Structure formats: C-alpha cells, structure tokens
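Undergrad: One structure, as structure tokens, below. Some questions next.
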Number of protein chains: 2
Amino acid sequence: MSGDRRVRRTRRLIQEALVALILDKGYDAVTVTDIIERADVGRSTFYSHFTDKQDVLLSNLDELTALHRPPADGRPARLLAFSLPMFEHVREQERLVRALLGRRGGGPVYARGEQLLAAVVRDELLGAGARPSAGLDLLVVCVVGAFMGLLRAWLDGETPATPAELDAAFRAAVEPGVCAVLGESRRQQASRSPL
Amino acid sequence: MSGDRRVRRTRRLIQEALVALILDKGYDAVTVTDIIERADVGRSTFYSHFTDKQDVLLSNLDELTALHRPPADGRPARLLAFSLPMFEHVREQERLVRALLGRRGGGPVYARGEQLLAAVVRDELLGAGARPSAGLDLLVVCVVGAFMGLLRAWLDGETPATPAELDAAFRAAVEPGVCAVLGESRRQQASRSPL
DNA sequence: TCCGTTGTCGAACAAGGTGTTCAGTTACGA
DNA sequence: TCGTAACTGAACACCTTGTTCGACAACGGA
C-alpha cells in the first residue's frame with residue numbers, strides 16, 4: 001500500500017466517521033467538528049488531509065468506483081448490462097450507498113454518479129452501433145435519469161422492490177426506446193456503406 | 001389580496017433577493033445576511049416571515065406551481081402531453097427556473113419538482129388505461145427521471161438543444177416503453193372483462 | 001538500533017453566520 | 001384619527017469554519 005500507516009489510519013477514521021454521521025443526521029447537518037470528534041482526530045489533522053466536508057465525501061466515492069468491474073471480456077450479451085449487477089451491488093452495500101447517494105447524502109455525489117453512469121451508457125450504446133451525435137447524448141441523459149430515479153426511489157424507501165424488479169422496470173421503460181434509436185442508427189449506417 | 005400591503009412587499013422583496021443572489025452565487029453560498037441586505041429588510045423582519053433560507057426557496061416554488069395549467073378540457077390528444085409545453089415554459093422563465101432548479105439551486109426544489117411531475121405522469125397513465133400497481137409506480141419514476149434528467153442537463157448548459165429537440169429526445173427514449181406497458185395493461189384488462 | 005522526517009495533537013484564534021430579543025418607529029386600515 | 005400590527009436596527013449568545021503553532025509520537029531507511 002502507499003504511504004504512511006498513520007495516514008491511512010487517519011483517512012479511514014475520518015471517512016468512516018462521515019458515513020456514520022450521515023446515516024445519523026444527513027449530510028447537511030454534519031459539521032467538521034462532528035467528524036473529528038467521532039473520528040477522534042485533531043482538527044488540524046483533518047485539514048491536513050481534506051479541504052472540507054465535501055472533499056471527504058468525494059474521496060469516499062473514489063474508492064467506491066474502484067469496485068466497478070469493467071465487463072471488457074467479450075461483448076456484453078445484453079443491452080444495458082450494468083443495470084442488474086448495479087442494483088444488486090447497491091443492495092449489498094446498502095448502508096454506505098444510502099449514506100452517500102440518498103436524499104440524506106449530498107448532491108455532489110449524486111452528480112458524480114450521474115457522470116460516471118453516463119460514460120458507461122454512452123460507451124455501451126456506441127459499442128452497440130450507435131453513432132455519436134447530440135441526439136445520442138440526450139438519449140444517454142434519459143437512460144441515466146431513469147436509472148438514477150429508480151435508484152433514488154429505492155434508497156429513499158419509496159418502494160420495496162427487489163433488484164430484479166427494479167431491473168425489470170428499468171428495462172421495460174427504456175429498452176424499447178433504446179432499441180428503436182439503435183435500429184434507426186444501424187439502418188442509416190447500412191444505407192451509407194452497404195458492404 | 002390577502003393581508004397587509006407591508007407584508008406582501010416584504011415577502012416579495014425577500015423572495016426576489018434570494019432569486020437574484022442564487023443567480024449570482026448559487027444557493028449554497030447565499031446567506032440570510034446577504035438576503036436581508038439585498039432586500040433592504042431588517043433581520044428580525046426576515047425571521048418573522050420565514051424560518052430560514054430554504055423556507056424562502058419553497059415559498060417561491062409554491063407560487064410557481066400556481067402556473068401549472070391543468071389541461072382538463074377533454075382527453076389529452078397525445079401521450080406525455082406535458083413534455084413540450086413544460087420545456088417551452090422553462091425556456092421562457094429561464095432565469096427563474098435556472099435559479100431554482102439547476103445545480104446552483106438547492107436540492108429541495110428539485111425534489112418537489114419530481115413529486116409534482118410524478119403526480120402528473122401517474123394521472124396521465126391511469127387516464128390512458130394503466131392499472132394502479134407497483135410496476136406502474138416504477139414506470140412513473142423512470143419517466144420522471146428521464147424528463148428531469150433532460151431538464152437538468154439543459155439548465156446546466158450541457159446541451160444547446162431547443163425545447164422541441166428535448167421533447168423529441170424524451171419521447172424517443174420513453175414513449176416506446178410506455179406504450180408497451182400500456183398495451184400490456186389493456187390486454188390484461190380485456191382478457192378479464194371481455195365486453 | 002539510531003535518527004531525520006513526517007504525521008498528529010490540541011489549544012487558541014479571527015472571521016463570519018445564525019437566530020433571538022427588545023425598545024423605538026412607521027405605516028396600515030377601519 | 002387612532003389602535004394595532006409590522007418594521008427597524010442594534011446587540012446578544014452561540015456555533016462553525018479554517019488557520020496557526022509548539023510539542024510530541026510514530027514511521028521507515030540506514
């Protein structure tokens with residue numbers, strides 16, 4: 001591992017303290033003073049590692065994204081392949097994800113999650129034969145919006161659905177539209193280079 | 001009108017000041033002190049009308065929702081009828097909506113917007129023959145998520161698309177899925193009461 | 001093992017935001 | 001015109017933030 005053992009320890013204590021506190025009170029209500037008390041860490045120590053609360057939050061996210069298994073081995077068998085695994089992963093890591101992404105978590109993490117997912121979806125659609133265009137980007141926004149909407153609804157306890165049900169709802173809502181757009185794209189390409 | 005002229009004046013000054021300040025600095029950076037200085041209103045006066053910043057924000061939203069024209073005259077000719085008018089309305093009221101709903105605005109208003117829209121979509125789908133169910137609610141979440149995603153992307157300047165283009169993208173993404181679910185629903189109903 | 005480097009502590013600090021109180025003033029509307 | 005209600009503005013106690021500093025402890029390479 002990289003660096004001093006003390007550094008790792010301190011950073012970990014601070015990150016864990018923030019997660020625990022968000023689950024208690026929600027992100028907005030957590031103060032830096034809360035964090036350092038719970039982490040049992042000096043004030044100056046905190047500021048020597050992080051610039052502020054949000055910095056801790058995003059550092060947490062960076063470690064989450066390391067969990068993203070890029071499929072990469074062979075073509076994904078199914079469109080929107082990320083959906084079910086991600087819903088399942090979220091249920092496994094329920095406490096942490098709820099703290100970071102739910103209404104009680106801050107907006108910043110949600111925004112980063114959107115960006116991340118948008119890149120995944122975009123790549124997948126391009127891999128499936130879509131052409132880069134403004135229209136494609138808007139489609140990606142819709143797909144990501146639908147997915148994040150479901151995720152948020154579940155995290156906020158609005159629905160008791162299982163990952164499989166969430167996945168089914170997600171596919172039912174957006175798969176037909178995505179397929180239609182992909183078909184359009186392929187048809188246009190075929191008529192240009194009819195090899 | 002209701003009440004004292006001074007009260008109306010004070011509340012209006014405070015609300016306008018908040019909107020202006022959000023456009024300047026973003027919601028988070030605005031302080032109560034900023035607001036009362038800009039509104040030229042006494043500190044105690046502020047707290048006799050609103051409990052805090054967020055209270056002002058939501059009071060603004062309440063007046064926005066008064067603008068929602070319920071269609072109500074006859075059956076809507078088209079599915080997801082709210083889409084284009086709402087994108088257009090948003091462009092007309094760009095400054096205000098951007099202040100309240102964009103990334104610079106606070107999360108609370110966004111949440112309220114979602115709730116509002118969810119009710120609209122749900123009513124429309126029920127009116128179009130869907131049966132109330134958990135699956136329908138999840139579909140509504142997807143549709144609203146896609147719409148709000150587009151709205152946010154546009155408000156945050158990620159896309160130069162026109163309302164018509166946004167509307168087209170929205171429909172392309174979700175209309176096929178919605179139609180499929182509606183068809184499913186109607187078929188099931190027909191097989192039960194085959195009058 | 002030794003020793004220079006680095007991290008941590010914890011108290012103290014200034015700056016700035018919050019929400020409340022109160023006595024005095026102003027403007028409303030009946 | 002007059003009673004009432006709203007507004008003023010200053011002062012307040014309290015909290016949070018981010019910085020600074022000297023003293024101490026832990027790390028890891030030699």
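Naming works like this for the structure tokens: A, B, ... for the chains as they're shown, residue 1 at the start of each chain, ligands 1 onward in shown order.
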Give one line per residue of chain D that approaches chain A to at most 10 Å, naming the two atoms of the closest pair and their distance in Å to one decimal, counting only C-alpha atoms (C1' of nucleotides); sort by chain then ascending residue number and deliver it as CSV.
TA:
```
residue,atom,partner,partner_atom,distance
D:DT16,C1',A:Thr31,CA,7.4
D:DT17,C1',A:Val32,CA,8.2
D:DG18,C1',A:Tyr47,CA,7.9
D:DT19,C1',A:Ser44,CA,8.3
D:DT20,C1',A:Ser44,CA,9.2
D:DA26,C1',A:Arg6,CA,7.9
D:DC27,C1',A:Asp4,CA,7.0
D:DG28,C1',A:Asp4,CA,9.0
```
Undergrad: Hey, which bits of chain B sit within 12 Å of chain A, and for each residue what's the closest pair of atoms and how far apart in Å (one decimal), counting only C-alpha atoms, rows by chain and increasing number, as JSON lines?
TA:
```
{"residue": "B:Asp28", "atom": "CA", "partner": "A:Asp28", "partner_atom": "CA", "distance": 10.7}
{"residue": "B:Gly102", "atom": "CA", "partner": "A:Gly107", "partner_atom": "CA", "distance": 11.5}
{"residue": "B:Arg103", "atom": "CA", "partner": "A:Gly107", "partner_atom": "CA", "distance": 8.6}
{"residue": "B:Arg104", "atom": "CA", "partner": "A:Gly107", "partner_atom": "CA", "distance": 10.5}
{"residue": "B:Gly105", "atom": "CA", "partner": "A:Gly107", "partner_atom": "CA", "distance": 10.7}
{"residue": "B:Gly106", "atom": "CA", "partner": "A:Gly107", "partner_atom": "CA", "distance": 8.7}
{"residue": "B:Gly107", "atom": "CA", "partner": "A:Gly107", "partner_atom": "CA", "distance": 6.9}
{"residue": "B:Pro108", "atom": "CA", "partner": "A:Arg103", "partner_atom": "CA", "distance": 9.3}
{"residue": "B:Tyr110", "atom": "CA", "partner": "A:Gly107", "partner_atom": "CA", "distance": 10.7}
{"residue": "B:Ala111", "atom": "CA", "partner": "A:Arg103", "partner_atom": "CA", "distance": 8.9}
{"residue": "B:Glu114", "atom": "CA", "partner": "A:Gly149", "partner_atom": "CA", "distance": 9.5}
{"residue": "B:Gln115", "atom": "CA", "partner": "A:Ala153", "partner_atom": "CA", "distance": 11.1}
{"residue": "B:Ala118", "atom": "CA", "partner": "A:Gly149", "partner_atom": "CA", "distance": 11.1}
{"residue": "B:Ser133", "atom": "CA", "partner": "A:Thr159", "partner_atom": "CA", "distance": 11.4}
{"residue": "B:Ala134", "atom": "CA", "partner": "A:Thr159", "partner_atom": "CA", "distance": 8.0}
{"residue": "B:Gly135", "atom": "CA", "partner": "A:Ala169", "partner_atom": "CA", "distance": 6.7}
{"residue": "B:Leu136", "atom": "CA", "partner": "A:Ala169", "partner_atom": "CA", "distance": 8.7}
{"residue": "B:Asp137", "atom": "CA", "partner": "A:Thr159", "partner_atom": "CA", "distance": 8.7}
{"residue": "B:Leu138", "atom": "CA", "partner": "A:Ala169", "partner_atom": "CA", "distance": 6.1}
{"residue": "B:Leu139", "atom": "CA", "partner": "A:Ala173", "partner_atom": "CA", "distance": 6.1}
{"residue": "B:Val140", "atom": "CA", "partner": "A:Ala173", "partner_atom": "CA", "distance": 9.0}
{"residue": "B:Val141", "atom": "CA", "partner": "A:Gly149", "partner_atom": "CA", "distance": 5.8}
{"residue": "B:Cys142", "atom": "CA", "partner": "A:Ala146", "partner_atom": "CA", "distance": 4.0}
{"residue": "B:Val143", "atom": "CA", "partner": "A:Ala146", "partner_atom": "CA", "distance": 6.4}
{"residue": "B:Val144", "atom": "CA", "partner": "A:Ala146", "partner_atom": "CA", "distance": 7.2}
{"residue": "B:Gly145", "atom": "CA", "partner": "A:Ala146", "partner_atom": "CA", "distance": 4.4}
{"residue": "B:Ala146", "atom": "CA", "partner": "A:Cys142", "partner_atom": "CA", "distance": 4.0}
{"residue": "B:Phe147", "atom": "CA", "partner": "A:Cys142", "partner_atom": "CA", "distance": 6.8}
{"residue": "B:Met148", "atom": "CA", "partner": "A:Gly145", "partner_atom": "CA", "distance": 7.0}
{"residue": "B:Gly149", "atom": "CA", "partner": "A:Gly145", "partner_atom": "CA", "distance": 4.8}
{"residue": "B:Leu150", "atom": "CA", "partner": "A:Val141", "partner_atom": "CA", "distance": 6.1}
{"residue": "B:Leu151", "atom": "CA", "partner": "A:Val141", "partner_atom": "CA", "distance": 9.6}
{"residue": "B:Arg152", "atom": "CA", "partner": "A:Val141", "partner_atom": "CA", "distance": 9.4}
{"residue": "B:Ala153", "atom": "CA", "partner": "A:Val141", "partner_atom": "CA", "distance": 7.6}
{"residue": "B:Trp154", "atom": "CA", "partner": "A:Leu138", "partner_atom": "CA", "distance": 9.8}
{"residue": "B:Asp156", "atom": "CA", "partner": "A:Ala111", "partner_atom": "CA", "distance": 11.7}
{"residue": "B:Glu158", "atom": "CA", "partner": "A:Asp137", "partner_atom": "CA", "distance": 9.7}
{"residue": "B:Thr159", "atom": "CA", "partner": "A:Ala134", "partner_atom": "CA", "distance": 8.0}
{"residue": "B:Pro160", "atom": "CA", "partner": "A:Ala134", "partner_atom": "CA", "distance": 9.2}
{"residue": "B:Ala161", "atom": "CA", "partner": "A:Ala134", "partner_atom": "CA", "distance": 8.3}
{"residue": "B:Thr162", "atom": "CA", "partner": "A:Ala134", "partner_atom": "CA", "distance": 11.6}
{"residue": "B:Glu165", "atom": "CA", "partner": "A:Gly135", "partner_atom": "CA", "distance": 8.4}
{"residue": "B:Leu166", "atom": "CA", "partner": "A:Leu138", "partner_atom": "CA", "distance": 7.6}
{"residue": "B:Asp167", "atom": "CA", "partner": "A:Leu138", "partner_atom": "CA", "distance": 10.3}
{"residue": "B:Ala168", "atom": "CA", "partner": "A:Gly135", "partner_atom": "CA", "distance": 9.1}
{"residue": "B:Ala169", "atom": "CA", "partner": "A:Leu138", "partner_atom": "CA", "distance": 6.1}
{"residue": "B:Phe170", "atom": "CA", "partner": "A:Cys142", "partner_atom": "CA", "distance": 6.8}
{"residue": "B:Arg171", "atom": "CA", "partner": "A:Gly177", "partner_atom": "CA", "distance": 8.3}
{"residue": "B:Ala172", "atom": "CA", "partner": "A:Gly177", "partner_atom": "CA", "distance": 5.7}
{"residue": "B:Ala173", "atom": "CA", "partner": "A:Gly177", "partner_atom": "CA", "distance": 4.5}
{"residue": "B:Val174", "atom": "CA", "partner": "A:Val174", "partner_atom": "CA", "distance": 5.6}
{"residue": "B:Glu175", "atom": "CA", "partner": "A:Gly177", "partner_atom": "CA", "distance": 6.8}
{"residue": "B:Pro176", "atom": "CA", "partner": "A:Gly177", "partner_atom": "CA", "distance": 5.2}
{"residue": "B:Gly177", "atom": "CA", "partner": "A:Ala173", "partner_atom": "CA", "distance": 4.5}
{"residue": "B:Val178", "atom": "CA", "partner": "A:Ala173", "partner_atom": "CA", "distance": 6.2}
{"residue": "B:Cys179", "atom": "CA", "partner": "A:Ala173", "partner_atom": "CA", "distance": 9.3}
{"residue": "B:Ala180", "atom": "CA", "partner": "A:Ala172", "partner_atom": "CA", "distance": 7.9}
{"residue": "B:Val181", "atom": "CA", "partner": "A:Ala172", "partner_atom": "CA", "distance": 7.3}
{"residue": "B:Leu182", "atom": "CA", "partner": "A:Ala172", "partner_atom": "CA", "distance": 11.0}
{"residue": "B:Glu184", "atom": "CA", "partner": "A:Ala172", "partner_atom": "CA", "distance": 11.0}
```
Undergrad: Within 10 Å of chain B, which residues of chain C are there when counting only C-alpha atoms (C1' of nucleotides)? Please give them as a list in words.
TA: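 Those within range of chain B come out as DG17, DT18, DG19, DT20, DT21, DA27, DC28 and DG29 of chain C.
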Undergrad: Restricting it to C-alpha atoms (C1' of nucleotides), dump the selection as a compact mmCIF listing (two decimals), in the first residue's frame.
TA:
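Output saved as again_33.txt:
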```
# COMPACT_ATOMS: atom_id res chain seq x y z
C1' DG C 17 -23.18 33.09 10.04
C1' DT C 18 -27.42 32.13 12.85
C1' DG C 19 -31.50 33.02 15.22
C1' DT C 20 -33.45 35.80 19.18
C1' DT C 21 -34.71 39.76 21.81
C1' DA C 27 -47.37 52.60 8.10
C1' DC C 28 -51.71 50.42 7.59
C1' DG C 29 -56.77 50.25 7.53
```
Undergrad: Can you list every residue in range 24-195 of chain A that DSSP puts in helix (DSSP H, G or I), as JSON, numbers by chain?
TA: {"A": [24, 25, 27, 28, 29, 32, 33, 34, 35, 36, 37, 38, 39, 43, 44, 45, 46, 47, 48, 49, 53, 54, 55, 56, 57, 58, 59, 60, 61, 62, 63, 64, 65, 83, 84, 85, 86, 87, 88, 89, 90, 91, 92, 94, 95, 96, 97, 98, 99, 100, 101, 107, 108, 109, 110, 111, 112, 113, 114, 115, 116, 117, 118, 119, 120, 121, 122, 123, 124, 125, 126, 127, 134, 135, 136, 137, 138, 139, 140, 141, 142, 143, 144, 145, 146, 147, 148, 149, 150, 151, 152, 153, 154, 155, 163, 164, 165, 166, 167, 168, 169, 170, 171, 172, 173, 174, 175, 176, 177, 178, 179, 180, 181, 182, 183, 184, 185, 186, 187, 188, 189, 190, 191, 192]}
Undergrad: Would you kindly return, as a list of chain:residue names, each protein, DNA or RNA residue with an atom no farther than 9 Å from any atom of Thr10 in chain A, considering only C-alpha atoms (C1' of nucleotides) and excluding same-chain residues fewer than 6 positions away?
TA: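 Final neighbour list, sorted by chain and number: A:Ala39, A:Val41, A:Thr45, A:Phe46, A:His49.
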Undergrad: With distances taken over only C-alpha atoms (C1' of nucleotides), which of A:Arg9, A:Gly26, A:Ile36, A:Val90 is nearest to DG10 in chain C?
TA: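 Checking each candidate against DG10 in chain C, we get A:Ile36 as the closest.
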Undergrad: Write out as a compact mmCIF listing (two decimals) with C-alpha atoms (C1' of nucleotides), in the first residue's frame each polymer residue whose atoms come within 12 Å of DT25 in chain C, counting only C-alpha atoms (C1' of nucleotides); drop sequence neighbours fewer than 5 positions from it.
TA:
```
# COMPACT_ATOMS: atom_id res chain seq x y z
C1' DA D 6 -45.40 45.48 11.01
C1' DC D 7 -40.83 47.05 10.59
C1' DT D 8 -36.25 48.69 12.34
C1' DG D 9 -31.61 48.02 13.90
```
Undergrad: To one decimal place in Å, what is the distance between CA of Gly42 in chain B and C1' of DA30 in chain C?
TA: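 Rounded to one decimal, the two atoms are 27.3 Å apart.
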Undergrad: Residues within 10 Å of range 21-23 of chain D, please, as a list in words. Count only C-alpha atoms (C1' of nucleotides); anything in the same chain fewer than 4 positions from it doesn't count.
TA: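 Surrounding residues, per the criterion: DC9, DA11 and DA12 of chain C.
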